[in-house]
Each structure stands twice: as structure tokens, then as C-alpha cells.
file run.cif (mmCIF, C-alpha atoms)
data_run
#
loop_
_atom_site.label_atom_id
_atom_site.label_comp_id
_atom_site.auth_asym_id
_atom_site.auth_seq_id
_atom_site.Cartn_x
_atom_site.Cartn_y
_atom_site.Cartn_z
CA MET C 265 18.21 -31.75 1.71
CA SER C 266 15.81 -28.90 1.17
CA ASP C 267 18.49 -26.20 1.32
CA SER C 268 20.68 -27.65 -1.38
CA SER C 269 20.56 -24.80 -3.87
CA VAL C 270 22.82 -22.38 -2.05
CA GLN C 271 26.04 -23.06 -0.15
CA VAL C 272 26.41 -20.64 2.70
CA SER C 273 29.32 -22.25 4.51
CA GLY C 274 32.39 -20.05 4.27
CA ALA C 275 30.79 -17.70 1.80
CA PRO C 276 30.11 -14.07 2.79
CA ILE C 277 26.69 -13.56 4.34
CA MET C 278 25.43 -11.79 1.27
CA ASP C 279 26.51 -12.19 -2.29
CA THR C 280 25.74 -8.85 -3.95
CA GLY C 281 25.39 -10.43 -7.37
CA LYS C 282 22.74 -12.80 -6.14
CA VAL C 283 21.01 -10.04 -4.22
CA ARG C 284 20.83 -7.89 -7.33
CA GLU C 285 19.63 -10.80 -9.40
CA THR C 286 16.93 -11.71 -6.87
CA LEU C 287 15.77 -8.11 -6.80
CA SER C 288 15.61 -7.60 -10.54
CA ASP C 289 13.94 -10.97 -11.03
CA GLY C 290 11.14 -10.11 -8.66
CA VAL C 291 10.59 -6.55 -9.76
CA TYR C 292 11.20 -6.81 -13.46
CA LYS C 293 12.62 -9.87 -15.21
CA ALA C 294 10.28 -12.35 -13.57
CA ASN C 295 7.64 -9.87 -12.48
CA PRO C 296 4.97 -11.94 -10.72
CA ILE C 297 2.05 -10.42 -12.60
CA MET C 298 3.59 -9.85 -16.03
CA GLN C 299 5.95 -12.82 -16.34
CA GLN C 300 4.78 -15.44 -13.88
CA VAL C 301 1.07 -14.55 -14.38
CA LEU C 302 0.34 -14.77 -10.68
CA GLY C 303 -1.95 -12.72 -8.49
CA ILE C 304 -4.06 -11.52 -11.40
CA CYS C 305 -7.41 -11.67 -9.64
CA SER C 306 -6.61 -9.23 -6.88
CA ALA C 307 -4.64 -7.05 -9.29
CA LEU C 308 -7.77 -6.49 -11.33
CA ALA C 309 -10.03 -6.07 -8.34
CA VAL C 310 -8.33 -3.39 -6.26
CA THR C 311 -6.98 -1.08 -8.94
CA GLY C 312 -10.00 1.20 -9.14
CA ARG C 313 -8.22 3.88 -7.19
CA LEU C 314 -4.54 4.67 -6.78
CA GLU C 315 -4.71 4.78 -2.95
CA THR C 316 -6.26 1.33 -2.63
CA SER C 317 -3.71 -0.05 -5.08
CA LEU C 318 -0.86 1.36 -3.02
CA VAL C 319 -2.19 0.03 0.29
CA MET C 320 -2.85 -3.35 -1.25
CA GLY C 321 0.65 -3.37 -2.72
CA GLY C 322 2.12 -2.45 0.66
CA ALA C 323 0.16 -5.21 2.36
CA VAL C 324 1.38 -7.78 -0.15
CA ILE C 325 5.01 -6.63 0.19
CA PHE C 326 4.78 -7.01 3.96
CA VAL C 327 3.10 -10.41 3.91
CA LEU C 328 5.39 -11.73 1.20
CA ALA C 329 8.58 -10.57 2.91
CA MET C 330 7.57 -11.84 6.34
CA SER C 331 6.19 -15.18 5.21
CA ASN C 332 9.23 -15.79 3.02
CA LEU C 333 11.50 -14.95 5.95
CA VAL C 334 9.74 -17.22 8.42
CA ILE C 335 9.38 -20.11 5.99
CA SER C 336 13.03 -19.82 5.05
CA LEU C 337 14.08 -19.82 8.71
CA LEU C 338 12.03 -22.95 9.31
CA ARG C 339 12.86 -24.61 6.02
CA SER C 340 14.90 -27.47 7.45
CA LEU C 341 12.34 -28.05 10.22
CA ILE C 342 9.12 -28.11 8.21
CA PRO C 343 8.00 -31.73 7.80
CA ARG C 344 7.43 -32.48 4.12
CA ARG C 345 4.01 -33.99 4.65
CA ILE C 346 2.54 -30.85 6.15
CA ARG C 347 4.58 -28.45 4.06
CA MET C 348 1.65 -26.75 2.34
CA ILE C 349 -0.51 -26.31 5.42
CA THR C 350 2.48 -24.92 7.30
CA GLU C 351 3.05 -22.34 4.59
CA VAL C 352 -0.63 -21.41 4.59
CA ALA C 353 -0.71 -21.09 8.38
CA ILE C 354 2.28 -18.76 8.38
CA ILE C 355 0.90 -16.68 5.51
CA ASP C 356 -2.52 -16.51 7.19
CA THR C 357 -1.04 -15.21 10.38
CA PHE C 358 0.57 -12.27 8.64
CA VAL C 359 -2.50 -11.52 6.54
CA ILE C 360 -4.70 -11.39 9.63
CA LEU C 361 -2.14 -9.10 11.26
CA VAL C 362 -2.42 -6.70 8.33
CA ASP C 363 -6.20 -6.93 8.38
CA GLN C 364 -6.44 -6.16 12.08
CA PHE C 365 -4.10 -3.23 11.84
CA LEU C 366 -6.01 -1.76 8.89
CA LYS C 367 -9.28 -2.13 10.81
CA GLY C 368 -7.73 -0.46 13.82
CA PHE C 369 -5.75 2.33 12.24
CA SER C 370 -7.02 2.88 8.70
CA TRP C 371 -10.73 2.27 8.82
CA GLU C 372 -11.60 3.86 5.49
CA MET C 373 -8.99 1.78 3.73
CA SER C 374 -10.14 -1.41 5.36
CA ARG C 375 -13.69 -0.65 4.24
CA ALA C 376 -12.53 -0.11 0.67
CA LEU C 377 -10.46 -3.28 0.63
CA VAL C 378 -12.96 -5.41 2.53
CA PRO C 379 -12.63 -8.80 0.85
CA TYR C 380 -9.28 -8.33 -0.81
CA VAL C 381 -7.02 -8.13 2.22
CA ALA C 382 -8.29 -11.46 3.49
CA LEU C 383 -7.83 -12.86 0.01
CA ILE C 384 -4.09 -12.14 0.13
CA ILE C 385 -4.06 -15.54 1.85
CA THR C 386 -4.89 -17.17 -1.44
CA ASN C 387 -2.78 -14.82 -3.53
CA CYS C 388 -0.82 -17.25 -5.65
CA ILE C 389 2.31 -15.08 -5.64
CA ILE C 390 2.80 -15.70 -1.95
CA MET C 391 2.23 -19.45 -2.05
CA GLU C 392 4.42 -19.73 -5.10
CA ARG C 393 7.33 -17.72 -3.67
CA ALA C 394 7.07 -19.64 -0.41
CA GLY C 395 7.23 -22.97 -2.20
CA ALA C 396 9.65 -22.14 -4.98
CA TYR C 397 12.06 -19.82 -3.21
CA ALA C 398 11.76 -19.59 0.56
CA THR C 399 11.92 -23.33 1.16
CA LEU C 400 15.16 -23.54 -0.83
CA ASN C 401 17.08 -20.40 0.10
CA PRO C 402 18.51 -18.83 3.26
CA PRO C 403 16.52 -16.16 5.13
CA LEU C 404 18.32 -13.06 3.85
CA TYR C 405 17.75 -13.96 0.22
CA ALA C 406 14.21 -15.10 0.95
CA ILE C 407 13.28 -11.77 2.47
CA ILE C 408 14.81 -9.94 -0.50
CA ASP C 409 12.91 -12.19 -2.87
CA GLY C 410 9.73 -11.46 -0.96
CA ILE C 411 10.25 -7.72 -1.07
CA ALA C 412 11.25 -7.81 -4.75
CA ASN C 413 8.21 -9.81 -5.79
CA GLY C 414 6.02 -7.63 -3.60
CA ILE C 415 7.39 -4.53 -5.29
CA GLY C 416 6.88 -6.13 -8.67
CA TYR C 417 3.25 -6.74 -7.78
CA ALA C 418 2.73 -3.34 -6.17
CA LEU C 419 4.30 -1.57 -9.14
CA ILE C 420 1.89 -3.09 -11.64
CA LEU C 421 -1.01 -2.39 -9.29
CA ALA C 422 0.04 1.22 -8.92
CA ILE C 423 0.38 1.66 -12.68
CA ILE C 424 -3.04 0.15 -13.39
CA GLY C 425 -4.55 2.00 -10.43
CA PHE C 426 -3.11 5.28 -11.65
CA PHE C 427 -4.63 4.96 -15.11
CA GLN C 428 -7.90 3.46 -13.94
CA GLY C 429 -8.26 6.18 -11.33
CA ALA C 430 -7.35 8.91 -13.77
CA CYS C 431 -9.74 7.66 -16.44
CA GLY C 432 -12.55 7.23 -13.91
CA MET G 167 6.92 -43.40 13.94
CA LYS G 168 9.59 -40.92 14.88
CA ASP G 169 8.74 -38.92 11.80
CA SER G 170 5.07 -38.63 12.56
CA ALA G 171 5.81 -37.61 16.14
CA LYS G 172 8.04 -34.85 14.82
CA THR G 173 5.30 -33.75 12.42
CA ILE G 174 2.72 -33.57 15.17
CA ILE G 175 5.01 -31.64 17.49
CA PHE G 176 5.88 -29.22 14.73
CA ALA G 177 2.22 -28.65 13.90
CA ALA G 178 1.31 -28.14 17.54
CA VAL G 179 4.12 -25.66 18.19
CA LEU G 180 3.38 -23.76 15.00
CA GLY G 181 -0.29 -23.61 15.88
CA LEU G 182 0.45 -22.34 19.37
CA VAL G 183 2.86 -19.67 18.16
CA CYS G 184 0.44 -18.44 15.48
CA ALA G 185 -2.49 -18.47 17.88
CA PHE G 186 -0.53 -16.57 20.51
CA LEU G 187 0.59 -13.97 18.01
CA LEU G 188 -2.90 -13.48 16.63
CA SER G 189 -4.58 -13.15 20.00
CA ALA G 190 -1.94 -10.67 21.12
CA VAL G 191 -2.52 -8.51 18.05
CA SER G 192 -6.27 -8.89 18.32
CA ARG G 193 -6.16 -7.68 21.92
CA PHE G 194 -3.91 -4.82 21.03
CA THR G 195 -6.04 -3.54 18.13
CA LYS G 196 -9.41 -4.25 19.77
CA PRO G 197 -10.05 -0.81 21.32
CA TYR G 198 -9.11 0.88 18.04
CA ARG G 199 -11.27 -1.43 15.94
CA GLU G 200 -14.23 -1.00 18.27
CA ALA G 201 -13.87 2.77 18.24
CA ASN G 202 -13.89 2.71 14.44
CA GLU G 203 -16.93 0.44 14.34
CA LYS G 204 -18.76 2.69 16.79
CA ALA G 205 -17.90 5.76 14.72
CA GLU G 206 -19.18 4.01 11.60
CA GLU G 207 -22.41 3.19 13.39
CA VAL G 208 -22.87 6.77 14.61
CA LYS G 209 -22.10 8.09 11.14
CA ASN G 210 -24.79 5.89 9.62
CA PHE G 211 -27.35 6.95 12.21
CA LEU G 212 -26.60 10.59 11.47
CA GLU G 213 -26.78 10.03 7.72
CA ALA G 214 -30.07 8.15 7.89
CA LEU G 215 -31.58 10.90 10.04
CA GLU G 216 -30.20 13.50 7.64
CA VAL G 217 -28.34 15.33 10.34
CA PRO G 218 -26.04 17.70 8.43
CA VAL G 219 -22.58 16.11 8.59
CA GLU G 220 -19.54 17.37 6.74
CA LYS G 221 -17.95 14.89 4.41
CA ASP G 222 -14.95 13.12 6.00
CA ALA G 223 -15.86 14.40 9.45
CA ALA G 224 -13.57 13.07 12.17
CA SER G 225 -15.07 10.61 14.63
CA GLU G 226 -14.91 13.15 17.50
CA LYS G 227 -17.07 15.45 15.41
CA LEU G 228 -19.54 12.64 14.71
CA PHE G 229 -19.90 11.82 18.39
CA GLU G 230 -20.28 15.50 19.18
CA LEU G 231 -23.14 15.88 16.67
CA PHE G 232 -24.72 12.69 17.92
CA ASN G 233 -24.68 13.84 21.54
CA LYS G 234 -25.91 17.28 20.63
CA TYR G 235 -28.89 16.40 18.46
CA ILE G 236 -29.94 12.89 19.28
CA THR G 237 -31.97 11.84 22.28
CA ILE G 238 -32.69 8.19 22.88
CA LYS G 239 -36.12 7.15 24.04
CA GLU G 240 -37.08 3.62 25.03
CA LEU G 241 -40.54 2.48 24.00
CA LYS G 242 -41.85 -1.08 24.13
CA GLY G 243 -38.45 -2.63 23.71
CA TYR G 244 -37.41 -0.34 20.86
CA SER G 245 -34.78 2.35 21.13
CA LEU G 246 -35.94 5.44 19.31
CA TYR G 247 -33.22 7.87 18.34
CA GLU G 248 -34.89 11.23 17.99
CA PHE G 249 -33.29 13.98 15.97
CA ILE G 250 -34.23 17.37 17.42
CA PRO G 251 -32.45 20.18 15.55
CA GLU G 252 -31.60 23.45 17.27
CA GLY G 253 -34.63 25.66 17.77
CA GLU G 254 -37.10 22.82 17.26
CA ALA G 255 -39.25 21.51 20.08
CA ARG G 256 -40.26 18.22 18.47
CA PRO G 257 -38.17 15.60 16.70
CA VAL G 258 -38.01 15.93 12.93
CA ALA G 259 -36.95 12.32 12.45
CA VAL G 260 -36.69 9.12 14.44
CA ALA G 261 -34.16 6.34 13.83
CA ILE G 262 -34.56 2.76 14.94
CA PRO G 263 -31.84 0.12 14.73
CA ILE G 264 -32.78 -2.92 12.68
CA SER G 265 -30.96 -6.19 12.37
CA GLY G 266 -31.36 -9.74 11.28
CA ALA G 267 -29.79 -12.66 9.49
CA GLY G 268 -28.36 -12.06 6.05
CA LEU G 269 -27.27 -14.78 3.70
CA TRP G 270 -23.76 -15.19 5.11
CA GLY G 271 -23.81 -13.29 8.32
CA HIS G 272 -25.54 -10.81 10.53
CA ILE G 273 -26.86 -7.59 9.01
CA ASN G 274 -27.03 -4.47 11.16
CA GLY G 275 -28.74 -1.37 9.93
CA VAL G 276 -30.72 1.64 10.90
CA ILE G 277 -34.01 2.93 9.56
CA ALA G 278 -34.93 6.59 9.99
CA LEU G 279 -38.57 7.56 9.82
CA GLU G 280 -40.35 10.88 9.51
CA PRO G 281 -42.29 11.96 12.64
CA ASP G 282 -45.37 10.12 11.31
CA LEU G 283 -43.34 6.93 11.91
CA GLU G 284 -44.54 5.63 8.57
CA THR G 285 -42.48 7.34 5.93
CA ILE G 286 -38.88 6.27 5.49
CA ARG G 287 -36.41 9.13 5.67
CA GLY G 288 -33.29 7.09 5.27
CA LEU G 289 -31.98 3.56 5.53
CA ARG G 290 -28.45 2.34 6.06
CA PHE G 291 -26.92 -1.08 6.37
CA TYR G 292 -23.59 -0.47 8.02
CA GLN G 293 -22.52 -3.93 9.02
CA GLN G 294 -22.93 -6.91 6.77
CA GLU G 295 -20.93 -9.77 5.39
CA GLU G 296 -22.77 -10.39 2.14
CA THR G 297 -20.75 -11.22 -0.96
CA PRO G 298 -19.01 -8.02 -2.03
CA GLY G 299 -20.02 -6.66 -5.41
CA LEU G 300 -23.15 -8.78 -5.52
CA TYR G 301 -25.06 -9.35 -2.32
CA GLY G 302 -22.98 -6.66 -0.67
CA GLU G 303 -24.78 -4.17 -2.90
CA ILE G 304 -27.27 -3.64 -0.06
CA GLY G 305 -24.65 -1.33 1.38
CA SER G 306 -24.50 0.72 -1.80
CA GLN G 307 -26.00 4.13 -2.30
CA TRP G 308 -28.36 3.34 -5.15
CA PHE G 309 -30.01 0.58 -3.17
CA GLN G 310 -30.38 2.54 0.04
CA LYS G 311 -31.53 5.67 -1.78
CA GLN G 312 -34.58 3.85 -3.15
CA PHE G 313 -36.12 3.63 0.30
CA GLU G 314 -36.34 7.36 0.86
CA GLY G 315 -39.98 8.50 0.86
CA LYS G 316 -41.37 4.96 0.85
CA LYS G 317 -43.70 3.87 3.62
CA ILE G 318 -43.74 0.86 5.90
CA VAL G 319 -47.48 0.46 5.36
CA SER G 320 -49.27 -0.38 2.13
CA THR G 321 -51.83 1.90 0.44
CA SER G 322 -54.56 -0.08 2.18
CA GLY G 323 -52.95 0.55 5.58
CA GLU G 324 -51.43 -2.88 6.12
CA PRO G 325 -47.98 -2.75 7.71
CA GLY G 326 -45.29 -4.47 5.70
CA PHE G 327 -42.51 -4.00 3.22
CA ARG G 328 -41.61 -5.77 -0.03
CA ILE G 329 -38.52 -6.04 -2.14
CA ILE G 330 -39.64 -6.85 -5.64
CA LYS G 331 -38.21 -7.76 -8.98
CA PRO G 332 -36.80 -4.74 -10.77
CA GLY G 333 -39.23 -3.51 -13.41
CA SER G 334 -42.46 -4.30 -11.62
CA GLU G 335 -42.71 -0.95 -9.87
CA ASN G 336 -45.84 0.00 -11.80
CA ASN G 337 -47.87 -2.41 -9.76
CA PRO G 338 -50.09 0.11 -7.90
CA ASP G 339 -50.15 -1.74 -4.59
CA ARG G 340 -46.44 -1.86 -4.48
CA ILE G 341 -45.45 1.68 -5.26
CA GLN G 342 -45.77 2.83 -1.69
CA ASN G 343 -44.01 0.15 0.29
CA ALA G 344 -41.73 -1.72 -2.08
CA VAL G 345 -38.36 -1.20 -3.72
CA ASP G 346 -36.36 -3.00 -6.41
CA GLY G 347 -34.31 -5.96 -5.36
CA ILE G 348 -30.76 -6.59 -6.50
CA THR G 349 -30.38 -8.62 -9.66
CA GLY G 350 -28.24 -11.65 -8.94
CA ALA G 351 -28.62 -11.26 -5.20
CA THR G 352 -32.11 -12.59 -4.66
CA MET G 353 -31.30 -14.41 -1.46
CA THR G 354 -29.88 -11.33 0.23
CA SER G 355 -32.79 -9.23 -1.07
CA ASP G 356 -35.16 -11.76 0.49
CA ARG G 357 -33.37 -11.53 3.82
CA VAL G 358 -33.49 -7.75 3.78
CA GLU G 359 -37.17 -7.89 2.90
CA GLU G 360 -37.77 -10.16 5.86
CA ILE G 361 -35.93 -7.81 8.22
CA LEU G 362 -37.91 -4.79 7.02
CA ASP G 363 -41.24 -6.56 6.82
CA ARG G 364 -40.88 -7.92 10.34
CA PHE G 365 -39.89 -4.48 11.56
CA ALA G 366 -42.89 -2.86 9.85
CA LYS G 367 -45.30 -5.36 11.41
CA ASN G 368 -43.87 -5.29 14.93
CA PHE G 369 -43.36 -1.58 14.97
CA ARG G 370 -47.02 -0.84 14.38
CA GLU G 371 -47.82 -1.12 18.09
CA VAL G 372 -45.03 1.25 19.02
CA ARG G 373 -46.26 3.70 16.45
CA ALA G 374 -49.75 3.75 17.95
CA ASP G 375 -48.22 4.67 21.31
CA TYR G 376 -45.80 7.19 19.96
CA VAL G 377 -47.89 9.26 17.59
CA ARG G 378 -50.73 9.82 20.05
#

call {"tool": "encode", "arguments": {"input": "run.cif", "output": "C-alpha cells"}}
result
Amino acid sequence: MSDSSVQVSGAPIMDTGKVRETLSDGVYKANPIMQQVLGICSALAVTGRLETSLVMGGAVIFVLAMSNLVISLLRSLIPRRIRMITEVAIIDTFVILVDQFLKGFSWEMSRALVPYVALIITNCIIMERAGAYATLNPPLYAIIDGIANGIGYALILAIIGFFQGACG
Amino acid sequence: MKDSAKTIIFAAVLGLVCAFLLSAVSRFTKPYREANEKAEEVKNFLEALEVPVEKDAASEKLFELFNKYITIKELKGYSLYEFIPEGEARPVAVAIPISGAGLWGHINGVIALEPDLETIRGLRFYQQEETPGLYGEIGSQWFQKQFEGKKIVSTSGEPGFRIIKPGSENNPDRIQNAVDGITGATMTSDRVEEILDRFAKNFREVRADYVR
């Protein structure tokens, strides 16, 4: 019932039109920050420097793509009643992965991003894409949607970070 | 009934998979994280003692400096980290780790004193979980800078340390052993005051032994 929006039977694995549409929606037409007005809080918080913006953007792309992929793979298995908590658990797992790797391999960055990485968990973009897209679409499209929305977020962050950093 | 059983099984399996994944990653990154934390600690000790360190020095360099200049002496339950520069016979500064409860979590820091063991040379809080941007300000430069040159005894010789409301620094008793607190972070300021005040009081005994 939950995967009603797309028929995959008999169709080629990927429909290029839909791929392109998903991409341009996430990056531009339905840009999460500019059009969907999601993820504003962290966007304002981490853009003081270009480097932190880029790392934060990268982290969000990774978490968004992976959580979308996993949730989409499990979409017919996830019991409706614990749908939200399942999504949060999956998102959490990936966020903690990112956090641990930053602490291990990019100490300076993890110091600069202290609270914000953990707060990706509550980044509304990720919850929203999980609920509105990943639970309804097959894995390949879900991962593309995740990457596209992540890029859309990262792009805005990088632009703000660039100007904020340049202007001091 | 069948539905709820399915829900429970799903939740249990999901929980197990996530937990397994997280502990695996945690184990894998642990040595790297600990090395970074250790380097951060060493860096803060060196900074508080004013050991000349290049900006952005690699952790190997930090450890090298630490091993070269710092000797650790145990005295009455305190570890004293003495900084003896090349060509000097006596330490020019002594650092002592301090720690205590913050508002949200444990605060670890280091206080460096001049050889009189009274005057603060530097203070760093390098591990804390206070609210970033507000309580977390105790890790910021302006806050830590204030301590330099202050003493852990009052003008009348009483050991202790105060963190006071900004603007009351003209109070003559408080000039010597007090600094401004952080506006909007009173509870953390209070905790830091407690850590320092307790240190000042307990350390008095050690000082008597050391300075002789």
C-alpha cells in the first residue's frame, strides 16, 4: 500500500526523466531551504565559515542519502504505528556515524561543529524527505532524492558561508 | 495480535542492527578519537603554561614539546606539571589539572600558576558540555584571558576565587581574585567558581610544601 506512487514492474530500473526531475526538484525547484523552508536553524548556525558550511553540507548529503535509501528499502516492512521512531532511529544511526568519524579523523572540524552535527538528527529536511519521499518511492529514486536535497541544502550553506566568511 | 507481534519484532531487529553498527563504528574510531582528545589536552596544558607552540602544530609536535619541557611531580595527591625551559634550572610555571561538575556535564580544565603558586598564568577549559554559545563561553578566549595575572588568594591572604557580575570589578577586595562571569550563563559561571574556589582552598597546603 505504501509504495503505490510508482510502478516498477516491467518498467526499466531507472526512468531518466524521473531521475532528472527528482534531482532538479531537490537542488533547485523545490530547494529544501529556499522553497520548502526546511533546515533553516542549522543553515544559519554553521555558515560563519566556508569550510564548516562545506563539511556540514557534506554530512547532511551523506545522512540524507543513506537514511532515504534504508527507509526506502524497508518501506513495505516498517509498521505504520512505529513509523516515525523507525525513521528517527535510522537517521540517528547515520548521524552518530558521521559524528564519530569527524571526531576520529577531523578533530578541528568536529570542534567547530560541536552541537550542529548531532542536531542533524532533528534537521527537518531529513525527517521530511524520509516521510514524504523515501516511504513512497523505490530505493534508487530515494537515494537520488536524498542526494539532490542534500546538495540543495549544501549549496545554500556554501553560498551563505562564502559571503559570511568573506565579509567577516 | 499478529500485527503487534510484527511491530515488536521489527523494532527489536532494527534496534539490534543499529546498536551493532554503532558499537562497531565506535570501536573502530575509538583509538583515533582518544588520540585527538589526548592531543587537545596536551595542547591546552602547553598553552596554559605559555610554552611556545606554533599555531596549527601537529599532534606529534605537541607531544614532543610536552615530553621535552614538562616534568610531572606528585605532591599531596596533586599532579604538578612543571615547565622548565631550556637553560633554566627551576620551573617557570606549574600547571595543575582541575575538574568538576558543570551544569550539563563534566568540566575538565587546567590552571597554570607562576612559581609563587598564587598568580594565575593561564587557564583553559578543554572539555565541557555546556550549552554552546552561552554556557559554552567558558571555553572562549575572552573568558579564559581574564584569569591571567589574577591570584587564587584575596588581598587579605585568604585562599579563594570568585566569579562576579560583570561591572563590579571596582570592588577593591575583588580585583585580585575575581573575574567577570558570563551574562546569561550564571549557572555555569557558578559551577566554574566552585571548581576554582575549591581548588584555591585545597591547594593552599600543597603550596606551603612546594614553595619552601

call {"tool": "interface_residues", "arguments": {"input": "run.cif", "of": "chain G", "to": "chain C", "cutoff": "7 Å", "atoms": "only C-alpha atoms", "output": "list in words"}}
result
Thr173, Cys184, Leu188, Val191, Ser192, Thr195, Tyr198, Arg199 and Asn202 of chain G

call {"tool": "atom_distance", "arguments": {"input": "run.cif", "atom1": "CA of Ile361 in chain G", "atom2": "CA of Tyr235 in chain G"}}
result
27.2 Å

call {"tool": "residues_around", "arguments": {"input": "run.cif", "residues": "Ile348 in chain G", "least_positions_apart": "3", "cutoff": "12 Å", "atoms": "only C-alpha atoms", "output": "number ranges by chain"}}
result
G: 299-306, 308-310, 312, 329-333, 345, 351-359

call {"tool": "resolve_selection", "arguments": {"input": "run.cif", "expression": "the PyMOL selection byres ((chain G and resi 244-256) around 9)", "output": "number ranges by chain"}}
result
G: 211-212, 215-217, 232, 234-243, 257-263, 278, 281, 369, 372

call {"tool": "write_last_selection", "arguments": {"input": "run.cif", "atoms": "C-alpha atoms", "output": "mmCIF file, keeping the file's coordinate frame"}}
result
data_model
loop_
_atom_site.group_PDB
_atom_site.id
_atom_site.type_symbol
_atom_site.label_atom_id
_atom_site.label_comp_id
_atom_site.auth_asym_id
_atom_site.auth_seq_id
_atom_site.Cartn_x
_atom_site.Cartn_y
_atom_site.Cartn_z
ATOM 1 C CA PHE G 211 -27.350 6.950 12.210
ATOM 2 C CA LEU G 212 -26.600 10.590 11.470
ATOM 3 C CA LEU G 215 -31.580 10.900 10.040
ATOM 4 C CA GLU G 216 -30.200 13.500 7.640
ATOM 5 C CA VAL G 217 -28.340 15.330 10.340
ATOM 6 C CA PHE G 232 -24.720 12.690 17.920
ATOM 7 C CA LYS G 234 -25.910 17.280 20.630
ATOM 8 C CA TYR G 235 -28.890 16.400 18.460
ATOM 9 C CA ILE G 236 -29.940 12.890 19.280
ATOM 10 C CA THR G 237 -31.970 11.840 22.280
ATOM 11 C CA ILE G 238 -32.690 8.190 22.880
ATOM 12 C CA LYS G 239 -36.120 7.150 24.040
ATOM 13 C CA GLU G 240 -37.080 3.620 25.030
ATOM 14 C CA LEU G 241 -40.540 2.480 24.000
ATOM 15 C CA LYS G 242 -41.850 -1.080 24.130
ATOM 16 C CA GLY G 243 -38.450 -2.630 23.710
ATOM 17 C CA PRO G 257 -38.170 15.600 16.700
ATOM 18 C CA VAL G 258 -38.010 15.930 12.930
ATOM 19 C CA ALA G 259 -36.950 12.320 12.450
ATOM 20 C CA VAL G 260 -36.690 9.120 14.440
ATOM 21 C CA ALA G 261 -34.160 6.340 13.830
ATOM 22 C CA ILE G 262 -34.560 2.760 14.940
ATOM 23 C CA PRO G 263 -31.840 0.120 14.730
ATOM 24 C CA ALA G 278 -34.930 6.590 9.990
ATOM 25 C CA PRO G 281 -42.290 11.960 12.640
ATOM 26 C CA PHE G 369 -43.360 -1.580 14.970
ATOM 27 C CA VAL G 372 -45.030 1.250 19.020
#

call {"tool": "axis_aligned_box", "arguments": {"input": "run.cif", "around": "range 261-278 of chain G", "padding_each_side": "5 Å", "output": "JSON"}}
result
{"center_x": -29.3, "center_y": -4.3, "center_z": 9.3, "size_x": 21.2, "size_y": 31.8, "size_z": 21.2}

call {"tool": "resolve_selection", "arguments": {"input": "run.cif", "expression": "the PyMOL selection byres ((chain C and resi 403) around 6)", "output": "list of chain:residue names"}}
result
C:Leu333, C:Ser336, C:Leu337, C:Pro402, C:Leu404, C:Tyr405, C:Ala406

call {"tool": "resolve_selection", "arguments": {"input": "run.cif", "expression": "the PyMOL selection byres ((chain C and resi 325) around 8)", "output": "JSON list (two decimals) with C-alpha atoms, in the frame of the given file"}}
result
[["chain", "number", "residue", "atom", "x", "y", "z"],
["C", 321, "GLY", "CA", 0.65, -3.37, -2.72],
["C", 322, "GLY", "CA", 2.12, -2.45, 0.66],
["C", 323, "ALA", "CA", 0.16, -5.21, 2.36],
["C", 324, "VAL", "CA", 1.38, -7.78, -0.15],
["C", 326, "PHE", "CA", 4.78, -7.01, 3.96],
["C", 327, "VAL", "CA", 3.10, -10.41, 3.91],
["C", 328, "LEU", "CA", 5.39, -11.73, 1.20],
["C", 329, "ALA", "CA", 8.58, -10.57, 2.91],
["C", 410, "GLY", "CA", 9.73, -11.46, -0.96],
["C", 411, "ILE", "CA", 10.25, -7.72, -1.07],
["C", 413, "ASN", "CA", 8.21, -9.81, -5.79],
["C", 414, "GLY", "CA", 6.02, -7.63, -3.60],
["C", 415, "ILE", "CA", 7.39, -4.53, -5.29],
["C", 418, "ALA", "CA", 2.73, -3.34, -6.17]]

call {"tool": "atom_distance", "arguments": {"input": "run.cif", "atom1": "CA of Ile264 in chain G", "atom2": "CA of Gln294 in chain G"}}
result
12.2 Å
